[in-house]
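Here's the structure we're looking at; comments come further down.
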Amino acid sequence: MSRGGVPILEVRDLNVFYGQSHALQGVNLTLGSGVLSVVGRNGMGKTTLCKAIMGLEPTRSGSISFDGQNLAGRTSAEIARLGIGYVPQGRRLWKSLTVDEHLKLVATKGGAWTPERIYSVFPRLGERKSNGGAQLSGGEQQMLAIGRALLLNPKLLVMDEPTEGLAPVIVNQVAEMLVRLGQEGDIDVLVIEQNIGVACSVAEQVAIMVNGKVNRVMDAGLLAGDRDLQQALLGVGRHAHDDTPDDADQASENAQDASATPTSARIYLANPVVPTRWTPEVPVRVIAQSARTVTVADTPTATVTASNVEANRHGTVYVCGTLDTKGDELRFMADILKERGTRVALVDLSTSGKPSGAEITPAAVAGFHPRGSSGVFTGDRGTAVAGMTIAFERWIAKRSDVAGVIAAGGSGGTALVAPAFRALPVGVPKMIVSTVASGNVSQYVGPSDITMMHSVADVQGINSITRDVLSNAAHAVAGMVAGRMAAKPIEDKPAVGLTMFGVTTPCVQQVSAQLNEDYDCLVFHATGTGGRAMEKLLSSGMLSAVIDISTTEVCDMVAGGFFAADETRFDAMIADGRPYIGSCGALDMVNFHAPETVPEKYRGRLLYEHNPHITLMRTTPEENIAMGKFIGEKLNQMTGVVRFLLPEGGVSALDAPGNAFWDPEANKALFTTLENTVRATANRQLVRVPHHINDPEFAELVVKTFRSFHVRPSQPLRRA
């Protein structure tokens, strides 16, 4: 409940008619606070509910109250002035007004939302601020419609189909914004949404409308994970929000094992007859009678994680790429793998529409796009390749039989397969033969263990060069797969990830020495990719715990250094939910390469030449404030036990009395900001420690804290 225990929105026994048609039939709905999603098929009354709330449709009977005030008889303008913002379906922008004019027209003085804040939330609008409403794309128009509503600084935001017709990247951006609004708590949101994935991700509760009534209000997680329930309540079957569309499942699986016993599968059509506003719910027996039967290979799918790596050792090596342009090269490698006795399947990622001949066809992969095949086969090469990249990553995430993957191509083909390869667990062989492999490949490899092999000549036909290179790549993958198959399972100690930088090495070494007997201590060098690698292993289930001593990558992210984290830093720990122990290790320094690489704007700053190739810059109080806010907000999102240690004696080897980076004022700004940002609870605590980070006492406290949250490895590690 909000504002003195009164629901922000309460609808009781609401009836709305269009002539003789009974559109809303006794709707009851309550939004206490936060975000509430309303879902339902077309014509169920969702938009009518929005219009009734906003006074755009007259009601026959019933009541609508907002923050304890009855809305009956009020005009739309009066309702808006009370504090309800409205994002209508169809956006409704003025063609002749620019983006900036739209926003300034409704901006109010003194409110939390300003045009500048809208531009920061939607940077694309800032780039297009001089363009007219008719010159914007659909996604840009939706951003503008949302921004216009937020500038009213409403207490309640009513959004009708905010993601309709938007590209997946914009859908994700809108969904993230809704989640953020719910977390901040200043604005409550009623979301009318057909995309069940979005509806369930932004709200804890989902109201389901059927034939003009709210059929039920239920837990979003329960609805998101139960396809049968979605079918029964909404008649949606497997739609864009689903990871595993029926046709894609069957088309992609039928080639996994030629000797698999064929089985029959039933394909159900949610609406055998095209529905209208007045169509009753389709009985289950009618759906069952309309189903068709297909024959597929009985090969189950499941998400690839560390828990089924052992099964993957005896699976299939997928040879991936665009067969319309690289068919000879890919088949050449597949033949070598087959000769080595490896089970092989070709995955065709072409978007040209040409006949494939591969075991896994482009259509089978494309079906895994959030919008199905239509999100891939767009007719435009750029968007088609981007869509196939998304679809392939989602397709491979559903495989439980990946023994290895191999691809060959130029920069485009490398970019196409790399995200999917990165999604596989560490240890699964991953090989890309590429024309770009002799340069900087960090954007392709990221935190994964992808092996990149330079093609030397262009991957264009089989010749004296490519024959040797492709053959070496195929034999290498075959050898890696054979080695994993022959390896005997080892009873490893539980793995613990620790982040270390050169200036925090003594601390991490002392902690590792005290834990080595019971744990497999994996140390990650905090150079940008180190933190991402640790978080990837945690997300893959390959780490049992994290001791995040050195969070220095945040410095480079804030100030533009060379070893920067990105905005996802700490997200794996947020999602994992187990105890998190962290500290401020090396938050006193930004990293650049040789002195001449330091940006001109920093030439007057305190610099330290670590070696001829690395130059360090001391962080300022202002930068420490920015880092404290970023880290603190991430800690607030963690649901497990959190202990974040603040070493008052210094955060690195250089940050100590008499040393180059000793700056108590900068550290004070960091510690104070963290304390002002972090919402302390019994589970979430900042701990000031009167020692230097490399002192033995600090390491002992880290170990003592760790052991207080984790049982001995002879017992299963518990969740928080």
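Convention: chains lettered A, B, ... in structure tokens order; per-chain residue numbering from 1; ligands numbered from 1 as shown.
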
What lies within 12 Å of A:Ser448 using only C-alpha atoms, ignoring chain neighbours under 6 positions off, as a list in words?
->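 After dropping sequence-adjacent residues, the list is Ala418, Pro419, Ala420, Phe421, Arg422, Ala423, Leu424, Pro425, Val426, Gly427, Val428, Pro429, Lys430, Met431, Val441, Ser442, Thr529, Gly530, Gly531, Arg532, Ala533, Met534, Glu535, Lys536, Leu537 and Ser540 of chain A.
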
Could you pull out all residues of stretch 71-224 of chain A with a DSSP call of strand (DSSP E or B) and give them as a list in words?
-> Ile84, Gly85, Tyr86, Val87, Thr98, Gly132, Leu156, Leu157, Val158, Met159, Asp160, Asp188, Val189, Leu190, Val191, Ile192, Gln205, Val206, Ala207, Ile208, Met209, Val210, Lys213, Val214, Asn215, Arg216, Val217, Met218 and Asp219 of chain A

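With distances restricted to only C-alpha atoms, A:Ala478 is the closest residue to A:Glu339 from A:Leu144, A:Cys507, A:Met177, A:Ala478.
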
Please indicate the distance in Å from atom CA of A:Ile53 to atom CA of A:Val11, rounded to one decimal place.
-> 8.6 Å

Would you mind reading off the distance between atom CA of A:Gly132 and atom CA of A:Met159, one decimal, in Å?
->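 Between these atoms lies a distance of 22.6 Å.
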
So how far away is atom CA of A:Thr322 from atom CA of A:Ser350, in Å?
->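 Distance between the two atoms: 4.4 Å.
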
Near stretch 179-184 of chain A, within 9 Å and counting only C-alpha atoms, which residues show up once chain neighbours fewer than 3 positions away are dropped, as a PyMOL selection string?
-> chain A and resi 33-35+174-176+187-189+201-203

A:Gly582, A:Gly110, A:Gly83, A:Pro612: which is nearest A:Ala594, counting only C-alpha atoms?
-> A:Pro612

So which residues touch A:Lys51 within 9 Å, counting only C-alpha atoms, skipping near sequence neighbours fewer than 6 positions away, as a list of chain:residue names?
->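 My list of contacting residues is A:Glu57, A:Pro58, A:Pro88.
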
Might you pull out every residue within 9 Å of A:Val106, with only C-alpha atoms counted and same-chain residues fewer than 4 positions away left off, and present them as a PyMOL selection string?
-> chain A and resi 101-102+148-149+151-152

Residues near A:Leu9, cut-off 10 Å, only C-alpha atoms, skip fewer than 4 positions along chain, as a PyMOL selection string | chain A and resi 1-2+29-33+53+64-70+156+188-190

Pick from A:Asp588, A:Asp186, A:Asp219, A:Glu596: nearest to A:Asp663, with only C-alpha atoms counted?
-> A:Asp588

Can you list, as an NGL selection string, every residue of stretch 390-608 of chain A that DSSP puts in helix (DSSP H, G or I)?
-> :A and (390-396 or 411-423 or 442-445 or 464-486 or 502-515 or 529-539 or 553-559 or 571-576 or 595-597 or 600-602)

Quick one: of A:Ile406, A:Ala391, A:Ala437, A:Ala473, who's nearest to A:Leu346, counting only C-alpha atoms?
->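 Looking at the shortest contact to A:Leu346, the residue is A:Ile406.
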
Please provide as a PyMOL selection string all residues within 9 Å of stretch 512-515 of chain A, with the sequence filter that same-chain residues fewer than 5 positions apart are discarded (counting only C-alpha atoms).
-> chain A and resi 498+507+520-523+700+703

Go through A:Met333, A:Val702, A:Met542, A:Val641 and flag the residue nearest A:Val508, using only C-alpha atoms for the distances.
-> A:Val702
